[in-house]
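The block underneath contains the structure these notes are about, expressed in structure tokens.
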Protein chains: 4
Amino acid sequence: MSAEPSLPNPAPRFGVWLIGARGSVATTAIAGSAAVAAGLHPPTGMVTETTPFLSCGLPPLSSLVFGGHDTVDCPLPKRAEHLAEGGVLPHGLPAAVHAELAEADRQIKPGGPLTGHDDPRSQDELIDAFAADIVAFVRDQDLAGAVVVNVASTEPVPTGDTLPPSSLYAAAALRAGCPYVNFTPSSGLHHPALAADAATASVPYAGRDGKTGQTLLRSVLGPMFLHRALAVRAWSGTNLLGGGDGAALADPAAAAAKNAGKERVLTDTLGAAPQGEVHIDDVPALGDWKTAWDHIAFDGFLGARMVLQTTWQGCDSALAAPLVLDLARLLLRAHTAGLTGPRPELGFYFKDPDPGAGAALGEQYAALVDFADRLRGAR
Amino acid sequence: MSAEPSLPNPAPRFGVWLIGARGSVATTAIAGSAAVAAGLHPPTGMVTETTPFLSCGLPPLSSLVFGGHDTVDCPLPKRAEHLAEGGVLPHGLPAAVHAELAEADRQIKPGGPLTGHDDPRSQDELIDAFAADIVAFVRDQDLAGAVVVNVASTEPVPTGDTLPPSSLYAAAALRAGCPYVNFTPSSGLHHPALAADAATASVPYAGRDGKTGQTLLRSVLGPMFLHRALAVRAWSGTNLLGGGDGAALADPAAAAAKNAGKERVLTDTLGAAPQGEVHIDDVPALGDWKTAWDHIAFDGFLGARMVLQTTWQGCDSALAAPLVLDLARLLLRAHTAGLTGPRPELGFYFKDPDPGAGAALGEQYAALVDFADRLRGAR
Amino acid sequence: MSAEPSLPNPAPRFGVWLIGARGSVATTAIAGSAAVAAGLHPPTGMVTETTPFLSCGLPPLSSLVFGGHDTVDCPLPKRAEHLAEGGVLPHGLPAAVHAELAEADRQIKPGGPLTGHDDPRSQDELIDAFAADIVAFVRDQDLAGAVVVNVASTEPVPTGDTLPPSSLYAAAALRAGCPYVNFTPSSGLHHPALAADAATASVPYAGRDGKTGQTLLRSVLGPMFLHRALAVRAWSGTNLLGGGDGAALADPAAAAAKNAGKERVLTDTLGAAPQGEVHIDDVPALGDWKTAWDHIAFDGFLGARMVLQTTWQGCDSALAAPLVLDLARLLLRAHTAGLTGPRPELGFYFKDPDPGAGAALGEQYAALVDFADRLRGAR
Amino acid sequence: MSAEPSLPNPAPRFGVWLIGARGSVATTAIAGSAAVAAGLHPPTGMVTETTPFLSCGLPPLSSLVFGGHDTVDCPLPKRAEHLAEGGVLPHGLPAAVHAELAEADRQIKPGGPLTGHDDPRSQDELIDAFAADIVAFVRDQDLAGAVVVNVASTEPVPTGDTLPPSSLYAAAALRAGCPYVNFTPSSGLHHPALAADAATASVPYAGRDGKTGQTLLRSVLGPMFLHRALAVRAWSGTNLLGGGDGAALADPAAAAAKNAGKERVLTDTLGAAPQGEVHIDDVPALGDWKTAWDHIAFDGFLGARMVLQTTWQGCDSALAAPLVLDLARLLLRAHTAGLTGPRPELGFYFKDPDPGAGAALGEQYAALVDFADRLRGAR
């Protein structure tokens, strides 16, 4: 995977700077990118590796170089071992891609501020420091560009004027001249204090809140009911999950941020919010595997009462990681194609897409394929 | 709902000639049309009553006159009582629309040939007789036109040259100059012996095999997996239902016809047939209510094993009836607009749509809305 | 159903005094008792009508006379109509048993104190007034005895010394010399301030918290895991329900009382509380029908991770009413047999049975059959 | 685990002779016995390791020596690797117990006759040969006794007089003077031609058809409905599984044998067979993991229609293996205690228990604990 600087015109390499770089999603994305690039696994779950995305100039997986910010210390190779024990990564994979994990781990900076700690630096100083880390990464690794992707734990909904960490990192991305993706429900670029910066950004950005499991389902089932003129009366859901995500979402404020996205998809696709609640339960015994049960009560012709129930058993990290790689590649390419500002064409990936995106997954997919065609033309 | 012939320019009335006119679907469609026209119920489940279909010249429900063929004797008002006892129709509805049911019942002819009986008439004589019934209905009721819709029990897959009843009725529709819809998996116009007639038909037609419950779901879930590049490894299904449909589908040959449609949707949307079987069990205790369980085993990134299960509890007649009314109105309108031949634009409604229709429900819905726009322009 | 006082030795009649006499459970019990006594329906769900309970001297359904306390005004015949509209009672039943419903409705007293209102009467005066109502019912109706059964909405867990209404009624039952059943999670006789009265009661009593749906299931599944030495790691549950019960349990304090019973059954049968939460969601669209989903993560041999999921769709009133009739008959009989104090033999019916009852449903059933044998011998 | 013959009074060792000794269940039992004996895993799923079975003289796991018959060649250590890849055994376990697996593999004889092959030996000669293998095992390993347990693939229901292989092995167990357990639905000792031998056997035996997943559930849910006087109208089930078992049960004759046991449990516990079918689908993608969906339609009070659905996701081998170890220990102990003939006390373990066993799991558990007490007393 290393470029050979002595040869003329080496293939350009691109940086993927992950906020939360030692978390489950980041670790899975880094390990998986290496494994797929090496031909150890097919690119299952990566939309950008399917036919409609060929030849549109996306940087190949082998050209990606990973780094990022994280406040935890557990090195990536060890984190990968834990994920393999929990069945998220295949046994044997951490050993097979140990070199790539160790290399990425060396590119991780501590970031900050730690939640609940006093940091003597002002907000602006923090943004500067983060941006400097990113710029140094691009320079030291001799990269043709880099994208910043937020995959850190969900923050509580912010109150007050202070920028939450996710927004500090988002501002740092802009300051470093890098495209930005917010894969979480946290504020990121959506914070009102960043509205002006976002509006005039010279880089493309997208987000927020990746649509991986229960909400992915909702984004195809909602339109089905709508298009068939079936009246959804109540849509209730329960999510059971363990791992770090389960613990983080046991915080009601974080859960509220997450649930807002889930409900938005229903409202966007059905036209109105049905009755029903969504629960997110921390069940440590389930580890990184999530079970989501949905119960949808709807009326048919002449008021006939009907019910659809769905049970989704998946691994969030394994669902999110290939989408993170997709988004990184698409935004890196959009940047080289000179596109800037919000990218509603990537609404396919998000619960809370940028304004202008459709709500139904099918519609969003068509827009994504159109976007690929546009990138192909821009080559 | 009666026209007043003494007045100048009475609103035109249109016939809906149902094959299987005393079955559950037909009874629900006739009773429901009357109930919605009278304002007793909202038009839940009728796509043609939603905004995108306004002002495109569809005949109003109050203009529809029902008749048809059936080989059973139980009159419609009594059949409706049975459906109300089974929870398919609201209590009180059969009494409220008794007049309309009794009137439609008077327009039902015996049809034939009865399965397992010798009928002295040749195939051509039978087609002539059926066509004459339809022509007489249009003439006697002073209708501006009529559409023939097959909602009879599923036939076994035909073997040999003899036209099955569904194909005799389909040929009769063409001979009577009426648009034709096949809402069942039976042969209808798809029989090879009718290929030439279908190719040169001067009327529009559509079919086959209405997509109501489990397959409707599959037509949105299949594209979801495909678009997300998730590898479906096995898709298994079990359907439990009672009523006449349950008994009819307990015949393996009829079940084979039905299952072919369910599998076609998966193959069409996934690109290949996954592992897994589909069972249709006759469970008399469930009456007209169906429960369909689907189990989908799929792989995510790096081979992570995931599962989606769905349980659909619905009433097939209540799901089918509004679609039958939709299709009758759309084809009556297409006929007056001068359209002929197969209508892939109606693929939204079918498991086995006419050639040229997309496979994903979202795509099919877009095509249907385009069709409505075209009809609006044709006015 | 009326006794004929002029004849010698008329069959004795027994009172069933219901707290919450105009609620769903009470209305279903009264209507159902009349319907079964008249031969309109089989006694499905009534354990006391099965073989092991024959000839043990239980009062026949036709001997039961209903009355009670309630603070709402909607008369029983009208309440029954509402339940029929919601599918809880069969259509036609309210009309068929109108006389019995109207007669029972005349025996309902207003009770009180209304929650949130000031009542000028002291607690002791309230108990006296309630007891006087019950005594008058027995005397006026010329009854051989009466049992008091609490089927009112679940109260919040009480804090402080004030007796909650359920405990006032329980004290009134003792003061009136009547057996007492608490079918709800409310305090009833379990309030510490009534401990001395309960300990020296000259009547039999039982409770609390009827075991009807999700918890019934748990009481057979818990022992299954225990007996097979399978390690339950997490047991999560979500209940969706509408109707009055859904609204009442939307109050977190009432839900807490209800959930305590559900968790007690798990702890009692598994020996320890597993991980996992229980949610009770008010979903008005579901009316009186409840859906309960349980997800049980357990380990098998060598730590193999397995999952059982259950989905229960039932009508709580239809599940509770026959058990209320069972309990009324059993306690009336126990009273005539001279039994007093808590009846752990009736643990089969309760989430929180009287001390000495087993936890597994099979064990509890065996104890109930033994109790029937004892009553038979006592004749 | 090796005895030291030079020391006085070494602890006695006991043989477990497995028919199908290289199958999934056998491999899991052998590997698991070694792992639990070595303290690598807790004895989850082994009922005989729970409190009620202490001190009743069961041979400790460390005293068990494994051997058996099988017609396949894949050695146990390799088979264990495959099971670990499929998630049946923990990663690392095959290596940790390699020595024990290799030692057991050396004790496996080819058995026969191979299905579909001509074997020149007569039935009696085959029985003699099998019995000689078992006797040699006991003698060469210096064992205090041995039990024969059938865990081979399910045979088709036999037709005609020829003894199927399972019955040849059962006869060989008797001829070798060994207790016998039939953990499969195959004929074993139940063949009519063996009735006389079974009736006069001087060894204890038990069977048939281990109750591990869906049927285990049915054996607690059936009694629940019965005891609550709820009317089960239909009980339908679908099983999805891959692995060798899935392929074997794709043979309709083998599936028929398996299904007979599942239906027997319903009939035994409910008193009559409800409507509904059971499907067993071979889904290779699921490997050794099984998903079983059950749909139970039942009536409550006044005919209220209710539904319970269960979804069981488990690994059959991991469910069966600890029960095989339980049964081996219990029958070895019963033999030393001088018990002979059928053991209905072990009905807890079987779909088709020996005559005299109760049908409800709770009842069967009580009988098993009584049996343990009897064995304790017999010491």
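We label chains A, B, ... in the order they appear in the structure tokens, count residues from 1 in each chain, and number ligands from 1 in the order shown.
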
Counting only C-alpha atoms, chain C residues within 10 Å of chain B, as a ChimeraX atom specification: /C:85,87,90-91

Serialized selection, C-alpha atoms, as a PDB file, in the first residue's frame:
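Final output, saved to part.pdb:
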ATOM      1  CA  GLU C  85     -66.812  -1.793  18.843  1.00  0.00           C
ATOM      2  CA  GLY C  87     -63.464  -6.085  19.256  1.00  0.00           C
ATOM      3  CA  PRO C  90     -68.448 -10.155  20.240  1.00  0.00           C
ATOM      4  CA  HIS C  91     -70.857  -8.028  18.233  1.00  0.00           C
TER       5      HIS C  91
END

Residues within 6 Å of Val25 (chain C), only C-alpha atoms, excluding chain neighbours under 2 positions, as a list in words: Gly23, Thr27, Thr28, Ser317 and Ala321 of chain C

Those in region 160-369 of chain C with strand (DSSP E) from DSSP, as a VMD selection string: chain C and resid 180 to 182 204 to 207 231 to 241 278 to 282 289 to 299 305 to 315 341 to 342

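Between CA of Ala171 (chain B) and CA of Thr159 (chain B) the separation is 18.3 Å.
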
Alpha helix (DSSP H) residues, from DSSP on the backbone, in region 209-313 of chain B, as a VMD selection string: chain B and resid 214 to 227 243 to 249 252 to 270

Contact residues around Gln364 (chain D) with only C-alpha atoms at 9 Å, ignoring same-chain residues under 2 positions, as a ChimeraX atom specification: /D:344-349,357-362,366-369

Contact residues around region 254-262 of chain D with only C-alpha atoms at 9 Å, ignoring same-chain residues under 2 positions, as a ChimeraX atom specification: /D:153-157,184-186,208-209,211,214-215,218,248-252,264-266,278-280,350-352

Near-Val97 (chain C) list (10 Å; only C-alpha atoms; drop same-chain fewer than 6 positions) as a list in words: Ile30, Ala31, Gly32, Ser33, Ala34, Ala35, Ala38, Leu40, Pro77 and Ala80 of chain C

Residue nearest Ala21 (chain A) among A:Ala95, A:Gln141, A:Thr340, A:Asn150 (counting only C-alpha atoms): A:Asn150

Neighbour list for region 43-45 of chain B as a list of chain:residue names, cut-off 8 Å, only C-alpha atoms, skip fewer than 3 positions in-chain: A:Arg228, A:Ala229, A:Leu230, A:Ala231, A:Asp299, A:Gly300, A:Phe301, A:Leu302, A:Gly303, B:Val36, B:Glu49, B:Leu319, B:Pro322, B:Leu323

Produce a file of the selected residues containing C-alpha atoms, as an mmCIF file, in the first residue's frame.
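Output saved as again-v3.cif:
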data_model
loop_
_atom_site.group_PDB
_atom_site.id
_atom_site.type_symbol
_atom_site.label_atom_id
_atom_site.label_comp_id
_atom_site.auth_asym_id
_atom_site.auth_seq_id
_atom_site.Cartn_x
_atom_site.Cartn_y
_atom_site.Cartn_z
ATOM 1 C CA ARG A 228 -49.978 2.599 -1.326
ATOM 2 C CA ALA A 229 -52.199 5.077 0.531
ATOM 3 C CA LEU A 230 -52.190 2.865 3.613
ATOM 4 C CA ALA A 231 -52.785 4.871 6.791
ATOM 5 C CA ASP A 299 -55.249 0.770 8.345
ATOM 6 C CA GLY A 300 -56.229 -0.652 4.993
ATOM 7 C CA PHE A 301 -59.392 -0.299 2.953
ATOM 8 C CA LEU A 302 -62.515 0.410 4.985
ATOM 9 C CA GLY A 303 -60.436 0.701 8.142
ATOM 10 C CA VAL B 36 -66.457 5.391 -0.218
ATOM 11 C CA GLU B 49 -57.573 9.024 -4.679
ATOM 12 C CA LEU B 319 -55.443 -4.994 0.444
ATOM 13 C CA PRO B 322 -58.712 -0.772 -3.530
ATOM 14 C CA LEU B 323 -56.022 -1.742 -6.034
#

Closest of C:His69, C:Asp142, C:Lys78, C:Ala198 to Ala129 (chain C) - atom-to-atom distances counting only C-alpha atoms: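 Counting only C-alpha atoms, the residue closest to Ala129 (chain C) is C:His69.
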
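The two atoms in question, CA of Arg343 (chain B) and CA of Pro12 (chain B), are spaced 24.2 Å apart.
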
Nearest to Lys109 (chain B) by atom-to-atom distance, counting only C-alpha atoms, from B:Pro94, B:Phe137, B:Pro179, B:Gly68: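 Checking each candidate against Lys109 (chain B), we get B:Gly68 as the closest.
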
Exercise: Arg22 (chain A) partners within 9 Å, only C-alpha atoms, chain neighbours under 5 positions left out, as a list in words: Thr27, Gly68, His69, Asp70, Thr71, Val72, Asp73, Cys74, Pro75, Leu76, Arg79, Asp105, Ile108 and Ala152 of chain A

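Here CA of Leu330 (chain D) and CA of Thr48 (chain D) stand 8.1 Å from one another.
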
Counting only C-alpha atoms, the residue of C:Gly213, C:Gly188, C:Pro284, C:Gly207 that sits nearest Trp235 (chain A): C:Pro284
